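Undergrad: Quick one, structure-v6.txt (compact mmCIF, C-alpha atoms):
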# COMPACT_ATOMS: atom_id res chain seq x y z
CA MET A 1027 102.50 93.04 104.97
CA ALA A 1028 99.11 91.83 103.68
CA SER A 1029 98.72 89.21 106.39
CA ARG A 1030 99.03 91.91 109.03
CA GLN A 1031 96.40 94.27 107.78
CA GLY A 1032 92.85 94.48 108.91
CA GLY A 1033 90.52 96.67 107.00
CA PRO A 1034 88.13 97.34 104.21
CA GLY A 1035 90.07 100.32 103.04
CA ASP A 1036 92.71 97.90 102.06
CA ALA A 1037 92.07 97.45 98.38
CA GLU A 1038 94.84 95.00 98.30
CA SER A 1039 94.55 93.16 101.61
CA SER A 1040 91.98 93.68 104.34
CA ARG A 1041 89.53 96.52 105.44
CA PRO A 1042 88.16 100.24 104.51
CA GLY A 1043 90.48 103.26 103.89
CA SER A 1044 90.59 107.39 104.21
CA THR A 1045 92.28 110.68 102.95
CA GLU A 1046 93.11 113.92 102.24
CA ARG A 1047 95.50 116.69 102.16
CA ARG A 1048 98.91 115.41 102.93
CA THR A 1049 100.47 116.71 106.11
CA ALA A 1050 103.03 115.24 108.40
CA SER A 1051 103.83 114.41 111.97
CA THR A 1052 107.06 113.44 113.69
CA THR A 1053 110.39 111.68 113.57
CA ALA A 1054 111.01 107.94 113.76
CA PRO A 1055 113.26 106.57 116.49
CA ALA A 1056 116.70 105.45 115.41
CA GLY A 1057 115.69 101.80 115.74
CA SER A 1058 113.13 102.10 112.96
CA ARG A 1059 115.80 102.85 110.39
CA ARG A 1060 117.08 99.30 110.78
CA ARG A 1061 113.76 98.09 109.33
CA ALA A 1062 113.98 100.14 106.14
CA ALA A 1063 112.93 97.20 103.99
CA THR A 1064 109.45 97.15 105.53
CA ARG A 1065 108.95 100.66 106.91
CA SER A 1066 110.39 103.34 104.70
CA ASP A 1067 109.75 106.39 106.81
CA SER A 1068 108.42 107.74 110.06
CA LEU A 1069 105.86 110.44 110.65
CA PRO A 1070 108.24 113.31 109.80
CA HIS A 1071 109.08 116.27 112.01
CA GLY A 1072 108.16 119.86 111.40
CA THR A 1073 105.00 119.89 109.27
CA ASP A 1074 102.48 119.06 111.97
CA PRO A 1075 102.70 121.82 114.61
CA ASP A 1076 100.88 119.66 117.16
CA ALA A 1077 103.17 116.65 116.83
CA PRO A 1078 105.37 115.93 119.85
CA ARG A 1079 109.07 115.48 119.33
CA SER A 1080 110.41 111.95 119.59
CA ARG A 1081 112.06 111.02 122.83
CA GLY A 1082 115.75 110.15 122.91
CA PRO A 1083 116.93 106.52 122.73
CA THR A 1084 117.27 106.25 126.52
CA ALA A 1085 113.70 107.44 127.12
CA GLU A 1086 112.40 105.13 124.41
CA LYS A 1087 114.23 102.17 125.91
CA ARG A 1088 112.76 102.90 129.35
CA ALA A 1089 109.26 103.23 127.85
CA SER A 1090 109.45 99.80 126.24
CA VAL A 1091 110.95 97.83 129.12
CA GLY A 1092 108.72 94.89 129.94
CA ARG A 1093 106.23 95.64 127.15
CA THR A 1094 104.48 92.85 125.27
CA ALA A 1095 102.40 92.82 122.10
CA GLU A 1096 99.27 92.70 124.28
CA ASP A 1097 100.11 95.90 126.15
CA PRO A 1098 98.21 98.95 124.84
CA PRO A 1099 100.41 100.86 122.40
CA VAL A 1100 101.92 104.23 123.25
CA ARG A 1101 100.08 107.35 122.10
CA ASP A 1102 103.14 109.21 120.84
CA PRO A 1103 102.94 109.44 117.02
CA GLY A 1104 106.61 110.40 116.93
CA LEU A 1105 107.60 106.83 117.80
CA TYR A 1106 105.79 105.24 114.84
CA ALA A 1107 107.31 104.38 111.48
CA LEU A 1108 105.30 103.79 108.28
CA THR A 1109 105.31 100.67 106.12
CA ASP A 1110 105.89 101.03 102.39
CA HIS A 1111 102.35 99.69 101.93
CA PHE A 1112 100.89 102.51 104.00
CA ARG A 1113 103.07 105.19 102.41
CA GLY A 1114 101.75 104.08 99.03
CA ARG A 1115 98.23 104.82 100.22
CA LEU A 1116 99.15 108.43 100.89
CA GLU A 1117 99.61 108.91 97.14
CA GLN A 1118 96.34 107.31 95.98
CA PRO A 1119 93.24 109.34 95.03
CA GLY A 1120 90.22 108.63 97.19
CA ARG A 1121 92.11 107.18 100.15
CA TYR A 1122 91.53 110.16 102.45
CA VAL A 1123 94.45 109.09 104.66
CA SER A 1124 97.17 111.50 105.75
CA THR A 1125 99.93 111.56 108.33
CA ARG A 1126 97.92 114.22 110.18
CA THR A 1127 94.94 111.89 110.58
CA VAL A 1128 97.29 109.10 111.69
CA SER A 1129 98.73 111.36 114.38
CA ASP A 1130 95.26 112.46 115.54
CA ALA A 1131 94.03 108.87 115.71
CA ILE A 1132 97.05 107.69 117.71
CA ARG A 1133 96.72 110.56 120.17
CA ASN A 1134 92.94 110.62 120.62
CA GLY A 1135 91.29 107.62 118.96
CA GLN A 1136 89.47 104.74 120.60
CA LEU A 1137 91.79 101.78 121.04
CA ARG A 1138 90.82 98.22 120.11
CA TRP A 1139 92.68 94.98 119.47
CA ASN A 1140 92.81 94.43 115.71
CA ARG A 1141 91.10 91.29 114.44
CA THR A 1142 94.22 89.94 112.75
CA ASP A 1143 97.28 91.36 114.48
CA GLY A 1144 98.30 94.36 116.56
CA TRP A 1145 96.07 97.22 117.64
CA ARG A 1146 93.83 99.73 115.93
CA PHE A 1147 93.00 103.35 116.75
CA ALA A 1148 89.68 104.75 115.49
CA LEU A 1149 88.69 108.43 115.45
CA VAL A 1150 85.45 109.94 114.09
CA ASP A 1151 85.77 113.39 112.54
CA GLY A 1152 83.00 115.06 110.55
CA GLY A 1153 80.96 111.87 110.32
CA ILE A 1154 83.89 109.83 108.95
CA ARG A 1155 85.72 107.20 110.98
CA PHE A 1156 89.49 107.03 110.48
CA VAL A 1157 91.01 103.66 111.42
CA VAL A 1158 94.76 103.17 111.90
CA VAL A 1159 96.28 99.73 112.51
CA VAL A 1160 99.63 99.52 114.32
CA SER A 1161 101.98 96.66 115.15
CA ASP A 1162 105.35 95.93 116.79
CA THR A 1163 104.04 97.86 119.77
CA GLU A 1164 106.26 95.96 122.21
CA THR A 1165 109.42 97.31 120.52
CA ASN A 1166 111.15 100.68 120.44
CA SER A 1167 109.99 101.07 116.83
CA PRO A 1168 106.23 100.48 116.54
CA VAL A 1169 104.84 100.75 113.04
CA VAL A 1170 101.71 101.98 111.27
CA VAL A 1171 100.67 99.00 109.14
CA THR A 1172 97.59 100.32 107.36
CA GLY A 1173 94.69 102.74 107.58
CA TRP A 1174 91.30 103.37 106.04
CA THR A 1175 88.05 105.34 106.38
CA GLU A 1176 84.41 104.41 106.94
CA VAL A 1177 81.21 106.44 106.92
CA ALA A 1178 80.22 106.58 110.59
CA ASP A 1179 77.30 109.03 110.18
CA ARG A 1180 76.28 109.86 106.63
CA GLU A 1181 74.17 112.92 107.51
CA ALA A 1182 76.93 114.36 109.69
CA ALA A 1183 79.46 113.74 106.92
CA LEU A 1184 77.29 115.48 104.32
CA ASP A 1185 76.86 118.44 106.68
CA ALA A 1186 80.58 118.72 107.43
CA PRO A 1187 82.47 121.38 105.45
CA ARG A 1188 85.40 118.99 105.15
CA TRP A 1189 83.52 116.62 102.78
CA ASP A 1190 81.38 116.93 99.70
CA PRO A 1191 78.86 114.27 98.54
CA VAL A 1192 81.39 112.68 96.19
CA ASP A 1193 83.87 112.25 99.06
CA VAL A 1194 81.21 110.55 101.19
CA ASP A 1195 80.07 108.25 98.37
CA THR A 1196 83.67 107.37 97.51
CA ILE A 1197 84.36 106.32 101.10
CA ALA A 1198 81.09 104.34 101.21
CA VAL A 1199 81.77 102.47 97.95
CA ARG A 1200 85.37 101.63 98.82
CA ALA A 1201 84.34 100.35 102.26
CA ALA A 1202 81.51 98.27 100.79
CA LEU A 1203 83.83 96.67 98.24
CA SER A 1204 86.29 95.72 100.98
CA GLU A 1205 83.83 94.32 103.52
CA SER A 1206 83.47 91.07 101.57
CA ALA A 1207 85.87 91.15 98.67
CA SER A 1208 84.46 88.14 96.83
CA THR A 1209 80.80 89.22 97.04
CA PRO A 1210 79.23 91.31 94.24
CA ILE A 1211 77.54 94.38 95.73
CA PRO A 1212 75.49 96.00 92.92
CA ASP A 1213 72.80 97.28 95.31
CA ARG A 1214 75.37 99.11 97.43
CA ILE A 1215 77.03 100.69 94.41
CA ARG A 1216 73.83 101.69 92.58
CA PRO A 1217 72.83 104.73 94.72
CA ARG A 1218 76.33 106.27 94.79
CA THR A 1219 77.92 108.97 92.67
CA VAL A 1220 81.70 108.90 92.27
CA THR A 1221 82.87 111.36 89.64
CA ARG A 1222 86.47 111.70 90.89
CA PRO A 1223 88.10 108.31 90.22
CA PHE A 1224 89.54 106.39 93.15
CA VAL A 1225 92.21 103.70 92.84
CA VAL A 1226 91.85 99.99 93.60
CA GLY A 1227 94.50 97.63 92.23
CA ASP A 1228 95.45 98.82 88.74
CA HIS A 1229 92.14 100.56 88.10
CA ARG A 1230 90.81 104.11 88.47
CA LEU A 1231 87.14 103.69 89.31
CA GLU A 1232 83.99 105.79 89.15
CA THR A 1233 80.22 105.17 89.11
CA GLU A 1234 77.01 107.06 88.37
CA PRO A 1235 73.61 106.81 90.09
CA GLY A 1236 71.73 103.71 88.92
CA GLU A 1237 74.82 101.85 87.73
CA PRO A 1238 75.25 98.53 89.60
CA PHE A 1239 79.01 98.52 88.99
CA VAL A 1240 82.13 100.63 89.20
CA ARG A 1241 83.87 101.38 85.92
CA CYS A 1242 87.57 101.86 85.20
CA THR A 1243 88.06 105.23 83.52
CA THR A 1244 91.17 103.93 81.75
CA CYS A 1245 90.22 100.52 80.33
CA GLY A 1246 86.41 100.73 80.63
CA CYS A 1247 86.06 97.42 82.52
CA ARG A 1248 83.06 97.11 84.84
CA PHE A 1249 83.25 95.48 88.27
CA ARG A 1250 80.78 94.51 91.00
CA SER A 1251 83.24 93.12 93.57
CA LYS A 1252 86.70 93.88 94.87
CA ASP A 1253 88.12 90.51 93.90
CA ALA A 1254 87.06 91.15 90.31
CA ILE A 1255 88.88 94.50 90.39
CA THR A 1256 92.13 93.22 91.89
CA GLY A 1257 92.05 90.03 89.81
CA ARG A 1258 92.26 91.86 86.49
CA GLY A 1259 95.01 94.18 85.35
CA CYS A 1260 94.25 97.41 83.56
CA SER A 1261 94.93 97.17 79.84
CA GLY A 1262 95.02 100.93 79.42
CA ARG A 1263 92.60 100.59 76.51
CA PRO A 1264 88.82 101.02 76.55
CA GLY A 1265 87.04 97.68 76.71
CA ARG A 1266 84.61 95.62 78.74
Spell out the structure here as structure tokens.
TA:
Amino acid sequence: MASRQGGPGDAESSRPGSTERRTASTTAPAGSRRRAATRSDSLPHGTDPDAPRSRGPTAEKRASVGRTAEDPPVRDPGLYALTDHFRGRLEQPGRYVSTRTVSDAIRNGQLRWNRTDGWRFALVDGGIRFVVVVSDTETNSPVVVTGWTEVADREAALDAPRWDPVDVDTIAVRAALSESASTPIPDRIRPRTVTRPFVVGDHRLETEPGEPFVRCTTCGCRFRSKDAITGRGCSGRPGR
């Protein structure tokens, strides 16, 4: 799925990523189950009280008649399945992505054509921008490909009860690493404080004010770019 992703939050493929407390949304259409190899689940029913119930197969078929990939995607989260890649993000510390934020972005986010493939929804909440990339929007089984977070307004984020300064700095560092994966960014890491490790590749990373690198809390390796992080496995032993 890497070729279809578009964002910095993608530690392993394309652009920035977000969050939080895991909640859920709605049920995938029957057609999505035929794609189990690439999309392991839908936004599940019952946990998100605001999530609409999926329409029946006949309604879904009518909704997709004549649709193309260029047509704006539907804003019903219950029709979307999740790729294995995206589901893996829900388990990673420091991602700040949940099925609830996916549902909110699909329902209410600004819609833009993604730079690589498909469409993206973007929603700002508490100074943080949540971005969700979707594809297969011309079919009865559209799919959430990836998602990430960006700092849209740092002061607003720091004032929001939802985030603390470490959350905001984590989002900022992850986004900066992803914006140009091959470029060292010591000056963008140096002012940040990340004391709760976030995951990129095999590494659990943190940084302290003044340090021009992120450090793996497991193996001790220091990195100044995303390519350096993803290009080296974690030995599990302290080292440099």
Undergrad: Quick one: residues within 7 Å of A:Val1157, only C-alpha atoms, excluding same-chain residues fewer than 6 positions away - as JSON, numbers by chain?
TA: {"A": [1146, 1147, 1148, 1149, 1173, 1174, 1175]}
Undergrad: Let me make sure I understand: among A:Val1160, A:Val1240, A:Ala1131, A:Cys1260, which one has the smallest atom-to-atom distance to A:Tyr1106 if we use only C-alpha atoms?
TA: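 Closest residue, counting only C-alpha atoms: A:Val1160.
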Undergrad: Under the rule that all atoms listed in the file are counted, which of A:Arg1126, A:Arg1121, A:Arg1113, A:Arg1250 is the nearest residue to A:Thr1196?
TA: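 Closest candidate: A:Arg1121.
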Undergrad: Neighbours of A:Ile1154 within 12 Å (all atoms listed in the file; same-chain residues fewer than 3 positions away dropped), as a ChimeraX atom specification?
TA: /A:1042-1045,1122-1123,1127,1148-1151,1157,1174-1186,1188-1190,1193-1198,1201
Undergrad: Could you check how far atom CA of A:Trp1145 sits from atom CA of A:Val1159, in Å to one decimal?
TA: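 Answer for the atom CA of A:Trp1145 to atom CA of A:Val1159 separation: 5.7 Å.
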